[in-house]
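A.B. asks: Pasting run03.txt below, which is compact mmCIF, C-alpha atoms.
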# COMPACT_ATOMS: atom_id res chain seq x y z
CA MET C 10 74.19 98.98 53.66
CA ARG C 11 71.94 96.02 54.45
CA ILE C 12 68.54 96.47 52.80
CA ALA C 13 65.33 94.47 53.06
CA ILE C 14 62.90 94.94 50.17
CA ILE C 15 59.31 93.81 50.74
CA ALA C 16 57.50 93.13 47.47
CA LEU C 17 54.09 91.42 47.45
CA GLY C 18 51.59 90.87 44.64
CA THR C 19 51.67 89.48 41.11
CA GLN C 20 54.83 88.95 39.10
CA GLY C 21 54.37 92.35 37.48
CA ASP C 22 54.17 93.91 40.95
CA VAL C 23 57.31 92.17 42.16
CA GLN C 24 59.63 92.48 39.15
CA PRO C 25 60.54 96.18 39.51
CA TYR C 26 61.72 95.53 43.05
CA ILE C 27 63.86 92.61 41.92
CA ALA C 28 65.40 94.98 39.37
CA LEU C 29 66.03 97.63 42.02
CA GLY C 30 67.39 95.01 44.39
CA ALA C 31 69.78 93.66 41.76
CA GLY C 32 71.06 97.19 41.15
CA LEU C 33 71.54 97.83 44.87
CA LYS C 34 73.42 94.56 45.23
CA LYS C 35 75.67 95.41 42.30
CA ALA C 36 76.41 98.74 44.00
CA GLY C 37 77.80 96.86 47.00
CA ASN C 38 74.80 96.53 49.30
CA LEU C 39 73.46 93.38 50.90
CA VAL C 40 69.90 92.95 49.60
CA ARG C 41 67.26 90.59 50.97
CA LEU C 42 64.01 90.38 49.01
CA VAL C 43 60.94 89.35 51.02
CA THR C 44 58.16 88.05 48.77
CA HIS C 45 55.81 85.15 48.01
CA GLU C 46 57.35 81.69 47.92
CA ASN C 47 56.40 81.14 44.25
CA PHE C 48 58.90 83.81 43.15
CA GLU C 49 61.98 82.03 44.52
CA ASN C 50 63.42 81.05 41.14
CA LEU C 51 62.86 84.51 39.65
CA VAL C 52 64.53 86.26 42.59
CA SER C 53 67.42 83.81 42.87
CA SER C 54 68.12 83.94 39.13
CA HIS C 55 69.14 87.56 39.58
CA GLY C 56 71.55 86.84 42.44
CA ILE C 57 69.45 88.35 45.23
CA GLU C 58 68.93 86.75 48.63
CA PHE C 59 65.39 85.36 48.73
CA TRP C 60 63.26 85.33 51.88
CA PRO C 61 59.86 83.66 51.42
CA ILE C 62 56.46 84.55 52.83
CA LYS C 63 53.96 81.70 52.80
CA GLY C 64 51.41 81.74 50.01
CA ASN C 65 51.22 81.57 46.24
CA VAL C 66 49.45 84.57 44.75
CA GLN C 67 49.14 82.81 41.39
CA ASP C 68 46.97 80.08 42.92
CA VAL C 69 44.59 82.70 44.33
CA ILE C 70 44.29 84.62 41.06
CA GLN C 71 43.76 81.48 38.97
CA SER C 72 40.87 80.20 41.09
CA GLU C 73 37.57 79.98 39.21
CA GLU C 74 35.97 82.66 41.41
CA MET C 75 38.80 85.12 40.83
CA ARG C 76 38.95 84.45 37.08
CA GLY C 77 35.31 85.42 36.74
CA ALA C 78 35.63 88.50 38.93
CA VAL C 79 38.76 89.77 37.15
CA GLU C 80 37.29 89.30 33.67
CA LYS C 81 34.12 91.18 34.66
CA GLY C 82 36.11 93.95 36.30
CA ASP C 83 34.39 93.06 39.59
CA PHE C 84 37.17 94.30 41.83
CA LEU C 85 34.86 94.38 44.87
CA THR C 86 34.80 90.58 44.80
CA VAL C 87 38.54 90.54 44.21
CA THR C 88 39.04 92.88 47.18
CA LEU C 89 36.82 90.81 49.50
CA LYS C 90 38.67 87.64 48.48
CA MET C 91 42.00 89.29 49.17
CA ILE C 92 40.76 90.48 52.59
CA LYS C 93 40.00 86.89 53.52
CA GLN C 94 43.44 85.82 52.33
CA GLY C 95 45.06 88.94 53.76
CA LYS C 96 44.61 88.21 57.47
CA GLN C 97 46.75 85.11 57.34
CA LEU C 98 49.17 86.80 54.94
CA ALA C 99 49.56 89.66 57.43
CA ILE C 100 50.38 87.24 60.24
CA ASP C 101 52.81 85.22 58.12
CA GLY C 102 54.30 88.40 56.68
CA ALA C 103 54.95 89.85 60.13
CA LYS C 104 56.58 86.63 61.36
CA GLU C 105 58.79 86.15 58.30
CA GLY C 106 59.41 89.88 57.88
CA LEU C 107 60.59 90.24 61.47
CA ALA C 108 63.06 87.41 60.96
CA ALA C 109 64.15 88.80 57.57
CA CYS C 110 64.88 92.26 58.99
CA GLN C 111 67.23 91.18 61.76
CA GLY C 112 70.54 92.95 61.21
CA ILE C 113 69.08 95.12 58.45
CA ASP C 114 69.83 98.85 58.10
CA LEU C 115 66.89 99.95 55.95
CA VAL C 116 63.47 98.67 54.84
CA LEU C 117 62.06 99.50 51.40
CA ALA C 118 58.62 98.68 50.02
CA GLY C 119 55.95 99.82 47.62
CA MET C 120 52.18 99.55 47.80
CA GLY C 121 52.19 95.77 48.22
CA GLY C 122 54.47 95.82 51.25
CA LEU C 123 53.70 99.28 52.61
CA TYR C 124 51.91 98.44 55.85
CA LEU C 125 54.13 95.50 56.73
CA GLY C 126 57.19 97.63 56.03
CA VAL C 127 55.97 100.48 58.23
CA SER C 128 55.28 98.06 61.10
CA LEU C 129 58.67 96.37 60.83
CA ALA C 130 60.48 99.70 60.64
CA GLU C 131 58.57 100.89 63.70
CA LYS C 132 59.31 97.70 65.62
CA LEU C 133 63.03 97.67 64.84
CA GLY C 134 63.70 101.41 64.77
CA LEU C 135 64.73 101.39 61.10
CA PRO C 136 64.33 103.98 58.34
CA PHE C 137 61.70 103.14 55.76
CA VAL C 138 61.84 104.15 52.08
CA GLN C 139 58.62 104.22 50.08
CA ALA C 140 59.18 103.04 46.51
CA TYR C 141 56.19 102.99 44.15
CA VAL C 142 55.58 102.20 40.49
CA VAL C 143 52.22 104.02 40.31
CA PRO C 144 51.35 107.50 41.67
CA PHE C 145 50.22 107.20 45.30
CA THR C 146 51.17 110.54 46.87
CA PRO C 147 48.25 113.03 46.81
CA THR C 148 48.53 115.70 44.12
CA GLU C 149 46.32 118.27 42.44
CA ALA C 150 47.83 117.46 39.03
CA PHE C 151 45.59 114.46 38.21
CA PRO C 152 43.04 112.17 39.89
CA SER C 153 43.82 108.88 41.58
CA VAL C 154 44.97 106.16 39.21
CA ILE C 155 41.94 103.98 40.00
CA LEU C 156 39.43 106.67 39.00
CA PRO C 157 38.47 107.89 35.50
CA GLN C 158 40.95 110.55 34.46
CA SER C 159 38.09 112.57 32.98
CA LEU C 160 37.27 113.53 36.57
CA SER C 161 40.22 115.94 36.43
CA LYS C 162 37.71 118.49 35.13
CA LEU C 163 36.43 118.73 38.73
CA GLY C 164 39.65 120.52 39.61
CA GLY C 165 42.75 120.21 41.74
CA ILE C 166 41.03 120.00 45.11
CA PHE C 167 39.03 116.97 43.95
CA ASN C 168 42.17 115.43 42.46
CA ARG C 169 43.96 115.65 45.80
CA PHE C 170 40.96 114.27 47.68
CA SER C 171 40.72 111.34 45.27
CA HIS C 172 44.20 110.20 46.23
CA HIS C 173 43.23 110.18 49.90
CA LEU C 174 40.20 108.06 48.96
CA THR C 175 42.49 105.60 47.20
CA GLN C 176 44.73 105.39 50.24
CA GLN C 177 41.68 104.34 52.23
CA PHE C 178 40.60 101.89 49.51
CA VAL C 179 43.99 100.21 49.90
CA TRP C 180 44.18 100.50 53.70
CA GLN C 181 40.74 99.54 54.99
CA PRO C 182 40.73 95.98 53.54
CA SER C 183 44.14 95.50 55.16
CA ARG C 184 43.37 97.13 58.52
CA LEU C 185 42.11 94.15 60.51
CA GLY C 186 44.89 91.85 59.37
CA ASP C 187 47.48 94.55 59.97
CA SER C 188 46.16 95.19 63.49
CA GLN C 189 46.17 91.50 64.31
CA ALA C 190 49.76 91.08 63.07
CA ARG C 191 50.97 94.15 64.97
CA LYS C 192 49.43 92.90 68.24
CA GLU C 193 50.10 89.17 68.03
CA VAL C 194 53.50 89.14 66.33
CA LEU C 195 55.14 92.54 66.73
CA ASP C 196 53.74 93.60 70.11
CA LEU C 197 52.76 97.00 68.73
CA PRO C 198 49.55 98.99 69.10
CA SER C 199 47.16 99.05 66.16
CA ALA C 200 47.81 101.65 63.48
CA PRO C 201 45.33 104.57 63.43
CA PHE C 202 41.89 103.82 61.99
CA TRP C 203 42.65 105.91 58.88
CA GLY C 204 46.00 104.22 58.37
CA PRO C 205 49.68 104.96 59.07
CA TYR C 206 49.92 107.73 56.48
CA ASN C 207 50.83 110.41 59.04
CA SER C 208 53.46 108.26 60.71
CA ASP C 209 56.82 109.97 61.24
CA ILE C 210 58.43 106.91 59.65
CA LEU C 211 56.81 107.81 56.31
CA HIS C 212 57.98 111.41 56.37
CA LYS C 213 61.65 111.10 57.30
CA SER C 214 63.03 109.39 54.19
CA PRO C 215 62.89 109.91 50.41
CA ILE C 216 59.97 108.62 48.35
CA LEU C 217 60.90 106.99 45.05
CA TYR C 218 58.73 106.65 41.95
CA GLY C 219 59.86 104.09 39.40
CA PHE C 220 58.37 105.55 36.25
CA SER C 221 59.64 107.90 33.57
CA PRO C 222 59.22 111.67 33.85
CA SER C 223 58.56 111.55 30.10
CA VAL C 224 55.44 109.50 30.85
CA ILE C 225 54.34 111.19 34.10
CA PRO C 226 56.19 114.43 34.86
CA LYS C 227 56.71 115.10 38.57
CA PRO C 228 53.76 117.17 39.83
CA SER C 229 54.71 120.66 40.97
CA ASP C 230 53.07 120.10 44.38
CA TRP C 231 55.31 117.13 45.27
CA ASP C 232 58.16 118.29 47.49
CA ASP C 233 61.91 117.79 47.07
CA LYS C 234 61.84 114.54 49.05
CA ILE C 235 59.84 112.88 46.27
CA HIS C 236 61.79 111.65 43.24
CA VAL C 237 60.59 110.43 39.83
CA THR C 238 63.64 108.35 38.97
CA GLY C 239 62.75 106.61 35.73
CA TYR C 240 61.62 102.99 35.37
CA TRP C 241 63.16 100.03 37.21
CA PHE C 242 63.42 97.47 34.43
CA LEU C 243 64.21 93.82 35.09
CA ASP C 244 66.09 92.54 32.07
CA SER C 245 66.48 88.85 31.35
CA ALA C 246 69.07 86.90 33.33
CA SER C 247 72.52 86.81 31.76
CA ASP C 248 72.30 83.08 31.00
CA TRP C 249 68.84 83.28 29.38
CA THR C 250 68.56 82.28 25.71
CA PRO C 251 65.42 82.45 23.55
CA PRO C 252 63.84 79.19 22.33
CA SER C 253 65.06 78.24 18.88
CA ASP C 254 61.51 77.74 17.54
CA LEU C 255 60.55 81.25 18.66
CA MET C 256 63.60 82.68 16.92
CA ALA C 257 62.67 80.81 13.75
CA PHE C 258 59.13 82.21 13.92
CA LEU C 259 60.36 85.79 14.34
CA GLU C 260 62.74 85.44 11.43
CA ASP C 261 60.11 83.90 9.15
CA GLY C 262 58.12 87.07 8.49
CA PRO C 263 57.43 90.69 9.43
CA PRO C 264 57.36 91.70 13.13
CA PRO C 265 54.27 90.15 14.74
CA VAL C 266 51.78 91.64 17.17
CA TYR C 267 52.26 90.60 20.80
CA ILE C 268 49.06 89.71 22.68
CA GLY C 269 49.08 88.80 26.36
CA PHE C 270 47.23 89.69 29.55
CA GLY C 271 49.84 88.84 32.17
CA SER C 272 48.34 87.90 35.53
CA MET C 273 44.80 88.79 34.41
CA SER C 274 42.76 85.61 33.99
CA ASN C 275 39.78 84.96 31.71
CA GLN C 276 36.93 82.55 32.47
CA ASP C 277 37.19 81.21 28.92
CA PRO C 278 40.77 81.64 27.63
CA GLY C 279 39.86 79.79 24.42
CA LYS C 280 37.07 82.23 23.61
CA THR C 281 39.41 85.16 24.19
CA ALA C 282 41.99 83.53 21.90
CA ASP C 283 39.35 83.06 19.18
CA LEU C 284 38.43 86.76 19.38
CA CYS C 285 42.08 87.74 18.98
CA LEU C 286 42.61 85.28 16.12
CA GLU C 287 39.67 86.74 14.21
CA ALA C 288 41.04 90.28 14.61
CA LEU C 289 44.46 89.11 13.43
CA ALA C 290 42.94 87.40 10.40
CA ARG C 291 41.08 90.57 9.45
CA THR C 292 44.25 92.67 9.73
CA GLN C 293 46.45 89.96 8.17
CA GLN C 294 48.94 90.17 11.02
CA ARG C 295 51.13 87.52 12.59
CA ALA C 296 51.17 87.28 16.38
CA ILE C 297 52.81 85.93 19.50
CA PHE C 298 50.37 84.89 22.23
CA LEU C 299 51.42 84.84 25.86
CA SER C 300 49.35 82.33 27.82
CA GLY C 301 50.34 83.97 31.12
CA TRP C 302 48.18 83.12 34.14
CA GLY C 303 45.18 81.98 32.11
CA GLY C 304 44.45 84.91 29.84
CA LEU C 305 44.88 83.09 26.50
CA TYR C 306 44.84 79.46 25.47
CA LYS C 307 44.25 77.56 22.23
CA GLU C 308 45.21 74.03 21.20
CA ASP C 309 45.27 74.45 17.42
CA LEU C 310 46.84 77.70 16.29
CA PRO C 311 47.51 78.77 12.69
CA ASP C 312 51.11 78.91 11.50
CA THR C 313 50.93 82.70 11.78
CA VAL C 314 50.56 82.60 15.59
CA PHE C 315 53.13 81.38 18.11
CA MET C 316 52.20 80.60 21.74
CA VAL C 317 54.62 81.08 24.67
CA ASN C 318 54.05 80.59 28.38
CA SER C 319 56.61 83.11 29.58
CA ILE C 320 59.14 85.36 27.87
CA PRO C 321 61.12 88.43 29.02
CA HIS C 322 59.36 91.54 27.74
CA SER C 323 62.68 93.36 27.57
CA TRP C 324 63.86 90.88 24.93
CA LEU C 325 60.64 90.32 23.00
CA PHE C 326 58.94 93.71 22.74
CA PRO C 327 61.62 95.43 20.59
CA ARG C 328 61.12 92.58 18.11
CA VAL C 329 57.36 93.01 17.60
CA GLY C 330 55.26 95.56 15.71
CA ALA C 331 52.83 96.41 18.50
CA VAL C 332 51.90 95.13 21.97
CA VAL C 333 48.35 94.27 23.10
CA HIS C 334 48.08 93.83 26.86
CA HIS C 335 46.12 94.50 30.05
CA GLY C 336 47.89 97.72 31.02
CA GLY C 337 49.75 96.63 34.12
CA ALA C 338 52.39 99.15 35.17
CA GLY C 339 55.32 96.86 34.31
CA THR C 340 54.02 95.66 30.95
CA THR C 341 53.11 99.22 29.98
CA ALA C 342 56.61 100.38 30.86
CA ALA C 343 58.20 97.60 28.80
CA GLY C 344 56.03 98.44 25.79
CA LEU C 345 56.87 102.12 25.98
CA ARG C 346 60.62 101.44 26.28
CA ALA C 347 60.47 99.17 23.22
CA GLY C 348 59.27 102.11 21.14
CA VAL C 349 56.29 100.37 19.56
CA PRO C 350 52.58 101.28 19.86
CA SER C 351 50.61 99.83 22.76
CA ILE C 352 46.98 98.65 22.64
CA ILE C 353 45.74 98.41 26.20
CA ILE C 354 42.79 96.24 27.24
CA PRO C 355 42.34 97.27 30.89
CA PHE C 356 40.56 94.91 33.28
CA GLY C 357 40.41 97.47 36.11
CA ALA C 358 42.35 99.28 38.83
CA ASP C 359 45.35 101.36 37.61
CA GLN C 360 45.26 99.67 34.18
CA LEU C 361 42.62 102.22 33.13
CA PHE C 362 45.02 105.03 34.06
CA TRP C 363 47.88 103.60 32.02
CA GLY C 364 45.60 102.96 29.04
CA LYS C 365 44.45 106.56 29.04
CA ARG C 366 47.99 107.85 29.52
CA VAL C 367 49.24 105.87 26.50
CA ALA C 368 46.46 107.35 24.36
CA GLU C 369 47.16 110.89 25.64
CA LEU C 370 50.83 110.50 24.72
CA GLY C 371 49.75 109.49 21.22
CA VAL C 372 51.66 106.19 21.35
CA GLY C 373 48.62 103.92 21.14
CA PRO C 374 44.90 103.91 20.35
CA GLU C 375 42.26 104.62 22.97
CA PRO C 376 42.09 101.76 25.49
CA ILE C 377 39.38 99.11 25.11
CA PRO C 378 38.02 97.97 28.50
CA ARG C 379 38.03 94.16 28.75
CA LYS C 380 34.25 94.07 29.23
CA LYS C 381 33.83 95.92 25.92
CA LEU C 382 36.41 94.01 23.88
CA THR C 383 35.05 92.93 20.48
CA VAL C 384 36.55 91.61 17.28
CA GLU C 385 35.68 94.88 15.54
CA GLY C 386 37.26 97.05 18.21
CA LEU C 387 40.46 95.02 18.40
CA THR C 388 40.69 94.88 14.59
CA GLU C 389 40.51 98.66 14.34
CA ALA C 390 43.06 99.14 17.12
CA ILE C 391 45.57 96.71 15.59
CA GLN C 392 45.15 98.28 12.16
CA THR C 393 45.80 101.73 13.61
CA ALA C 394 48.80 100.65 15.67
CA MET C 395 50.45 98.90 12.74
CA THR C 396 49.80 101.50 10.02
CA ASP C 397 49.60 104.95 11.66
CA GLN C 398 53.11 106.22 10.96
CA THR C 399 52.72 109.32 13.13
CA MET C 400 51.78 107.15 16.10
CA ARG C 401 54.61 104.76 15.40
CA GLN C 402 57.13 107.60 15.25
CA ARG C 403 55.86 109.07 18.53
CA ALA C 404 56.24 105.64 20.13
CA ALA C 405 59.78 105.32 18.78
CA ASN C 406 60.71 108.79 20.05
CA LEU C 407 59.32 108.11 23.53
CA GLY C 408 61.10 104.76 23.58
CA SER C 409 64.40 106.50 22.87
CA LYS C 410 63.87 108.90 25.79
CA ILE C 411 63.08 106.07 28.19
CA GLN C 412 66.06 104.03 26.98
CA ALA C 413 68.32 106.99 27.76
CA GLU C 414 67.15 107.08 31.39
CA ASP C 415 68.61 104.97 34.21
CA GLY C 416 65.96 104.87 36.88
CA ILE C 417 67.76 102.22 38.91
CA ALA C 418 70.99 104.21 39.08
CA ARG C 419 69.06 107.33 40.09
CA ALA C 420 67.19 105.46 42.84
CA ILE C 421 70.43 103.92 44.15
CA ALA C 422 72.10 107.33 44.30
CA ILE C 423 69.21 108.73 46.35
CA ILE C 424 69.26 105.79 48.77
CA GLN C 425 73.01 105.95 49.20
CA ASP C 426 72.84 109.69 49.87
CA MET C 427 70.87 108.92 53.02
CA GLU C 428 72.92 109.01 56.19
CA LYS C 429 73.76 105.42 57.03
CA PRO C 430 71.66 104.46 60.06
CA VAL C 431 72.65 102.27 62.96
CA ALA C 432 70.75 98.99 62.79
CA SER C 433 68.76 97.64 65.73
CA TYR C 434 69.34 93.95 66.32
If you convert what's in this file into structure tokens, what do you get?
C.D. replies:
Amino acid sequence: MRIAIIALGTQGDVQPYIALGAGLKKAGNLVRLVTHENFENLVSSHGIEFWPIKGNVQDVIQSEEMRGAVEKGDFLTVTLKMIKQGKQLAIDGAKEGLAACQGIDLVLAGMGGLYLGVSLAEKLGLPFVQAYVVPFTPTEAFPSVILPQSLSKLGGIFNRFSHHLTQQFVWQPSRLGDSQARKEVLDLPSAPFWGPYNSDILHKSPILYGFSPSVIPKPSDWDDKIHVTGYWFLDSASDWTPPSDLMAFLEDGPPPVYIGFGSMSNQDPGKTADLCLEALARTQQRAIFLSGWGGLYKEDLPDTVFMVNSIPHSWLFPRVGAVVHHGGAGTTAAGLRAGVPSIIIPFGADQLFWGKRVAELGVGPEPIPRKKLTVEGLTEAIQTAMTDQTMRQRAANLGSKIQAEDGIARAIAIIQDMEKPVASY
């Protein structure tokens, strides 16, 4: 089968689809991954055909305006900025996506590529598989991932309604760009005002969820077409080797604490680093800092702290004592698989959901919202994560369950069980 995967967003958003694509390729399929041009090396390093869409999402996120908005949790500003960027992205995505899908049998995408994928499938008469890493299908089991989970006390009807609200929160900022791309590039009518969610294309094929049923059990009101497969982990490339100075640091003392905020930027990375250093000093812990996309930075670090720009979580996390991070879906998954406690500092969006879920599972302290992060709060959380043996054992047990799952193999089996379609080209 010839499969086009559309994956747009930050590196954490894109990585699970690279992992799924690599698995599909290994199973004998031709896989073409359509994503931002700045991910070419990452995609190509895993042997997948890369098809670029113009634009570098890292440049947008690291702008001064976006740094301030992200740190403050001002996701309205973030959304408005992305709307402005999104119109041109929609046009470019439709042009490049149409070219990428020539001769393709099936289109697959998650939240980042949902509307583009639906339009391309409609244009070319192809089946479309929805593949998500966060809950997006309405359910009465829990509220939308971008709302406080305490709202579940309002009951199942509210929970279901909240997911429809989230669908609109995602769709409406994209609607004008999507309509323009459909008309100007694909020669299609605009999608309905409330979005393409009732499209036949979305209801004919399986829906895949790339998270563990041990973390989020499949809700009883999701039908048989919806599958919780287990996580889609992207492990380091076969030729990757760790830096020798990092290995020396790890071997020179007890397992350190990992601290990194991924694609979440801070207005003052040095100030954030100082806060973390003070908490580490109070708990007498060593640490590895991930500079990421501007979350942490410090020129002069003590010998007990090692700074890296990028490192595979799959390799590093099993070698640390606890992980402190922003709560992105991919980083959360990697921390849980490693079997060590997670301390989540959510900036906004679904990070709040994952932080609360980690605490409910008993594998990490209560999350500390970024706006409320203090030395005292982080000190207490690190102390708990490193010394609470019950928590550490729960984390180890959950890690073992996740390690025993093979979400990629399960997803591949479901896709390959579909009747092979006839491509339109």
A.B. asks: Find the spatial neighbours of Ala28 of chain C, counting all atoms listed in the file, within a cut-off of 7 Å - ignore same-chain residues fewer than 6 positions away - and output them as an MDAnalysis selection string.
C.D. replies: chainID C and resid 241:243
A.B. asks: Could you check how far atom CA of His236 of chain C sits from atom CA of Met427 of chain C, in Å to one decimal?
C.D. replies: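 Atom CA of Met427 of chain C lies 13.6 Å from atom CA of His236 of chain C.
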A.B. asks: What is the atom CA of Val143 of chain C to atom CA of Phe220 of chain C distance in Å?
C.D. replies: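 Computing the Euclidean distance for atom CA of Val143 of chain C and atom CA of Phe220 of chain C yields 7.5 Å.
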A.B. asks: Segment 108-112 of chain C, all listed atoms, 5 Å padding on each side: what axis-aligned box centre and edge lengths in Å to one decimal come out, as AutoDock Vina command-line options?
C.D. replies:
--center_x 66.8 --center_y 90.2 --center_z 59.7 --size_x 17.5 --size_y 15.5 --size_z 14.2
A.B. asks: Give me, please, the distance in Å between atom CA of Ser300 of chain C and atom CA of Asp359 of chain C, quoted to one decimal.
C.D. replies: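 Computing it gives 21.8 Å between the two atoms.
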A.B. asks: Dump C-alpha atoms of segment 156-207 of chain C from the given block, as an mmCIF file, in the first residue's frame.
C.D. replies:
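What ended up in part.cif:
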data_model
loop_
_atom_site.group_PDB
_atom_site.id
_atom_site.type_symbol
_atom_site.label_atom_id
_atom_site.label_comp_id
_atom_site.auth_asym_id
_atom_site.auth_seq_id
_atom_site.Cartn_x
_atom_site.Cartn_y
_atom_site.Cartn_z
ATOM 1 C CA LEU C 156 -10.484 21.939 29.854
ATOM 2 C CA PRO C 157 -9.954 21.380 33.601
ATOM 3 C CA GLN C 158 -10.632 17.734 34.348
ATOM 4 C CA SER C 159 -12.442 18.772 37.534
ATOM 5 C CA LEU C 160 -15.336 19.727 35.253
ATOM 6 C CA SER C 161 -16.120 16.009 34.965
ATOM 7 C CA LYS C 162 -18.314 16.519 38.033
ATOM 8 C CA LEU C 163 -20.809 18.231 35.685
ATOM 9 C CA GLY C 164 -21.548 14.820 34.206
ATOM 10 C CA GLY C 165 -21.331 12.843 31.004
ATOM 11 C CA ILE C 166 -23.515 15.097 28.876
ATOM 12 C CA PHE C 167 -21.239 18.061 29.610
ATOM 13 C CA ASN C 168 -18.173 15.920 28.948
ATOM 14 C CA ARG C 169 -19.453 15.022 25.482
ATOM 15 C CA PHE C 170 -20.390 18.628 24.721
ATOM 16 C CA SER C 171 -16.936 19.813 25.772
ATOM 17 C CA HIS C 172 -15.327 17.693 23.071
ATOM 18 C CA HIS C 173 -17.551 19.293 20.438
ATOM 19 C CA LEU C 174 -16.454 22.700 21.763
ATOM 20 C CA THR C 175 -12.830 21.678 21.357
ATOM 21 C CA GLN C 176 -13.465 20.555 17.803
ATOM 22 C CA GLN C 177 -14.732 24.065 17.082
ATOM 23 C CA PHE C 178 -11.786 25.630 18.924
ATOM 24 C CA VAL C 179 -9.495 23.753 16.539
ATOM 25 C CA TRP C 180 -11.627 24.249 13.413
ATOM 26 C CA GLN C 181 -12.733 27.881 13.485
ATOM 27 C CA PRO C 182 -9.205 29.398 13.418
ATOM 28 C CA SER C 183 -8.481 27.142 10.432
ATOM 29 C CA ARG C 184 -11.765 27.658 8.564
ATOM 30 C CA LEU C 185 -10.904 30.662 6.390
ATOM 31 C CA GLY C 186 -7.553 29.267 5.316
ATOM 32 C CA ASP C 187 -9.078 25.864 4.667
ATOM 33 C CA SER C 188 -11.859 27.376 2.547
ATOM 34 C CA GLN C 189 -9.391 29.431 0.539
ATOM 35 C CA ALA C 190 -7.181 26.391 -0.123
ATOM 36 C CA ARG C 191 -10.142 24.217 -1.122
ATOM 37 C CA LYS C 192 -11.399 26.830 -3.614
ATOM 38 C CA GLU C 193 -8.140 28.132 -5.065
ATOM 39 C CA VAL C 194 -6.054 24.955 -5.128
ATOM 40 C CA LEU C 195 -8.349 21.935 -4.951
ATOM 41 C CA ASP C 196 -11.412 23.281 -6.769
ATOM 42 C CA LEU C 197 -13.692 22.069 -3.980
ATOM 43 C CA PRO C 198 -16.561 23.806 -2.197
ATOM 44 C CA SER C 199 -15.913 25.144 1.291
ATOM 45 C CA ALA C 200 -16.331 22.709 4.162
ATOM 46 C CA PRO C 201 -19.448 23.271 6.314
ATOM 47 C CA PHE C 202 -19.309 26.217 8.721
ATOM 48 C CA TRP C 203 -19.067 23.855 11.717
ATOM 49 C CA GLY C 204 -16.322 21.816 10.094
ATOM 50 C CA PRO C 205 -15.988 18.525 8.201
ATOM 51 C CA TYR C 206 -16.718 16.359 11.232
ATOM 52 C CA ASN C 207 -19.829 14.776 9.685
#
